[in-house]
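Just start.txt here, compact mmCIF, N, CA and C atoms:
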# COMPACT_ATOMS: atom_id res chain seq x y z
N MET A 1 122.39 97.78 152.33
CA MET A 1 121.62 98.84 151.73
C MET A 1 122.24 99.19 150.38
N PRO A 2 121.41 99.31 149.30
CA PRO A 2 121.95 99.60 147.97
C PRO A 2 122.50 101.02 147.90
N ASP A 3 123.47 101.22 146.99
CA ASP A 3 124.09 102.54 146.82
C ASP A 3 123.14 103.54 146.18
N ALA A 4 122.39 103.10 145.12
CA ALA A 4 121.46 104.00 144.42
C ALA A 4 120.06 103.79 144.96
N PRO A 5 119.29 104.87 145.08
CA PRO A 5 117.89 104.71 145.51
C PRO A 5 117.09 103.94 144.48
N ALA A 6 116.05 103.28 144.95
CA ALA A 6 115.23 102.41 144.08
C ALA A 6 114.54 103.21 142.98
N GLY A 7 114.25 104.48 143.20
CA GLY A 7 113.54 105.28 142.20
C GLY A 7 114.39 105.65 141.01
N ASN A 8 115.72 105.56 141.10
CA ASN A 8 116.60 105.96 140.00
C ASN A 8 117.00 104.80 139.11
N GLN A 9 116.56 103.60 139.41
CA GLN A 9 116.95 102.44 138.61
C GLN A 9 116.06 102.36 137.37
N SER A 10 116.68 102.07 136.22
CA SER A 10 115.91 101.90 134.99
C SER A 10 115.42 100.46 134.91
N PRO A 11 114.27 100.26 134.27
CA PRO A 11 113.76 98.88 134.14
C PRO A 11 114.67 98.08 133.22
N PRO A 12 114.69 96.78 133.38
CA PRO A 12 115.54 95.96 132.51
C PRO A 12 115.06 96.03 131.07
N ALA A 13 116.01 96.01 130.15
CA ALA A 13 115.68 96.06 128.73
C ALA A 13 115.01 94.75 128.32
N PRO A 14 114.00 94.83 127.45
CA PRO A 14 113.34 93.59 127.01
C PRO A 14 114.30 92.75 126.18
N SER A 15 114.21 91.45 126.34
CA SER A 15 115.06 90.53 125.62
C SER A 15 114.22 89.82 124.56
N PHE A 16 114.42 90.19 123.31
CA PHE A 16 113.68 89.57 122.21
C PHE A 16 114.47 88.39 121.69
N GLY A 17 113.80 87.32 121.32
CA GLY A 17 114.44 86.15 120.76
C GLY A 17 114.90 85.16 121.80
N GLY A 18 114.61 85.39 123.04
CA GLY A 18 114.96 84.43 124.08
C GLY A 18 116.45 84.26 124.28
N GLY A 19 117.26 85.27 123.97
CA GLY A 19 118.69 85.18 124.16
C GLY A 19 119.41 84.41 123.07
N MET A 20 118.77 84.21 121.93
CA MET A 20 119.42 83.49 120.84
C MET A 20 120.45 84.38 120.17
N SER A 21 121.45 83.77 119.56
CA SER A 21 122.46 84.52 118.83
C SER A 21 121.88 85.02 117.52
N GLU A 22 122.56 86.01 116.94
CA GLU A 22 122.09 86.57 115.66
C GLU A 22 122.12 85.51 114.56
N GLU A 23 123.13 84.66 114.58
CA GLU A 23 123.23 83.62 113.55
C GLU A 23 122.04 82.67 113.62
N ARG A 24 121.65 82.33 114.83
CA ARG A 24 120.52 81.41 114.99
C ARG A 24 119.21 82.08 114.56
N LYS A 25 119.07 83.38 114.84
CA LYS A 25 117.87 84.11 114.41
C LYS A 25 117.80 84.16 112.89
N GLU A 26 118.95 84.42 112.25
CA GLU A 26 118.97 84.47 110.78
C GLU A 26 118.62 83.12 110.18
N ARG A 27 119.12 82.05 110.78
CA ARG A 27 118.82 80.71 110.28
C ARG A 27 117.33 80.41 110.42
N GLY A 28 116.74 80.81 111.56
CA GLY A 28 115.31 80.61 111.76
C GLY A 28 114.47 81.40 110.77
N ALA A 29 114.90 82.64 110.48
CA ALA A 29 114.18 83.46 109.51
C ALA A 29 114.30 82.85 108.11
N SER A 30 115.48 82.32 107.78
CA SER A 30 115.67 81.69 106.46
C SER A 30 114.76 80.48 106.30
N TRP A 31 114.66 79.66 107.34
CA TRP A 31 113.77 78.49 107.28
C TRP A 31 112.33 78.94 107.13
N ARG A 32 111.94 79.98 107.85
CA ARG A 32 110.57 80.47 107.78
C ARG A 32 110.24 80.95 106.36
N VAL A 33 111.17 81.68 105.74
CA VAL A 33 110.96 82.15 104.37
C VAL A 33 110.85 80.96 103.42
N PHE A 34 111.72 79.97 103.58
CA PHE A 34 111.67 78.78 102.72
C PHE A 34 110.33 78.07 102.86
N ILE A 35 109.85 77.91 104.08
CA ILE A 35 108.58 77.22 104.31
C ILE A 35 107.42 78.01 103.71
N TYR A 36 107.44 79.34 103.87
CA TYR A 36 106.37 80.16 103.29
C TYR A 36 106.36 80.07 101.77
N ILE A 37 107.54 80.14 101.16
CA ILE A 37 107.62 80.06 99.69
C ILE A 37 107.18 78.69 99.21
N ALA A 38 107.68 77.63 99.84
CA ALA A 38 107.31 76.27 99.43
C ALA A 38 105.81 76.04 99.64
N GLY A 39 105.27 76.50 100.76
CA GLY A 39 103.84 76.32 101.02
C GLY A 39 102.97 77.08 100.04
N SER A 40 103.38 78.29 99.71
CA SER A 40 102.57 79.06 98.75
C SER A 40 102.62 78.42 97.36
N HIS A 41 103.78 77.87 96.97
CA HIS A 41 103.86 77.20 95.67
C HIS A 41 103.00 75.93 95.65
N LEU A 42 102.99 75.19 96.75
CA LEU A 42 102.13 74.00 96.81
C LEU A 42 100.66 74.38 96.72
N LEU A 43 100.27 75.43 97.43
CA LEU A 43 98.89 75.88 97.39
C LEU A 43 98.50 76.34 95.98
N LEU A 44 99.35 77.13 95.34
CA LEU A 44 99.05 77.60 93.99
C LEU A 44 99.05 76.45 92.99
N GLY A 45 99.93 75.47 93.17
CA GLY A 45 99.92 74.30 92.30
C GLY A 45 98.63 73.50 92.45
N PHE A 46 98.15 73.37 93.67
CA PHE A 46 96.89 72.67 93.91
C PHE A 46 95.73 73.41 93.27
N LEU A 47 95.72 74.75 93.40
CA LEU A 47 94.65 75.53 92.76
C LEU A 47 94.71 75.42 91.25
N ALA A 48 95.91 75.42 90.68
CA ALA A 48 96.05 75.26 89.23
C ALA A 48 95.52 73.89 88.80
N LEU A 49 95.79 72.86 89.59
CA LEU A 49 95.27 71.53 89.29
C LEU A 49 93.75 71.51 89.34
N LEU A 50 93.17 72.18 90.33
CA LEU A 50 91.70 72.26 90.40
C LEU A 50 91.11 72.95 89.19
N PHE A 51 91.73 74.05 88.76
CA PHE A 51 91.24 74.74 87.56
C PHE A 51 91.38 73.87 86.32
N TYR A 52 92.49 73.13 86.22
CA TYR A 52 92.69 72.26 85.07
C TYR A 52 91.63 71.15 85.05
N VAL A 53 91.42 70.51 86.17
CA VAL A 53 90.43 69.43 86.25
C VAL A 53 89.04 69.99 86.00
N GLY A 54 88.75 71.16 86.54
CA GLY A 54 87.43 71.77 86.34
C GLY A 54 87.18 72.15 84.89
N SER A 55 88.21 72.60 84.19
CA SER A 55 88.01 72.99 82.80
C SER A 55 87.85 71.77 81.88
N HIS A 56 88.33 70.61 82.29
CA HIS A 56 88.20 69.41 81.48
C HIS A 56 87.13 68.44 82.01
N ALA A 57 86.30 68.90 82.91
CA ALA A 57 85.33 68.00 83.54
C ALA A 57 84.20 67.64 82.56
N GLY A 58 83.79 68.57 81.74
CA GLY A 58 82.67 68.30 80.85
C GLY A 58 83.05 67.65 79.54
N LYS A 59 84.30 67.40 79.33
CA LYS A 59 84.74 66.87 78.04
C LYS A 59 84.84 65.37 78.05

Please go through the file and, once you have read it, give me the structure as structure tokens.
Amino acid sequence: MPDAPAGNQSPPAPSFGGGMSEERKERGASWRVFIYIAGSHLLLGFLALLFYVGSHAGK
């Protein structure tokens, strides 16, 4: 028989990150930022290329 009644037990704290260490979380966030920045630059470069080709299409 448990020492404390079942009604007095607090629920377990949620575990965010799947038990990963802080260093691993920071590394994952750094990669995510790098991918977002690189992807946005590629997208903007492609749009700039489209505008360039479109402005010289009739010439």

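Put simply, CA of Leu42 in chain A is 18.2 Å away from CA of Gly54 in chain A.
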
### Task
Rounded to one decimal place, report the atom C of Gly28 in chain A-atom N of Ser40 in chain A distance in Å.
16.0 Å

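Distance-wise, CA of Ala29 in chain A and atom C of His41 in chain A end up 19.3 Å apart.
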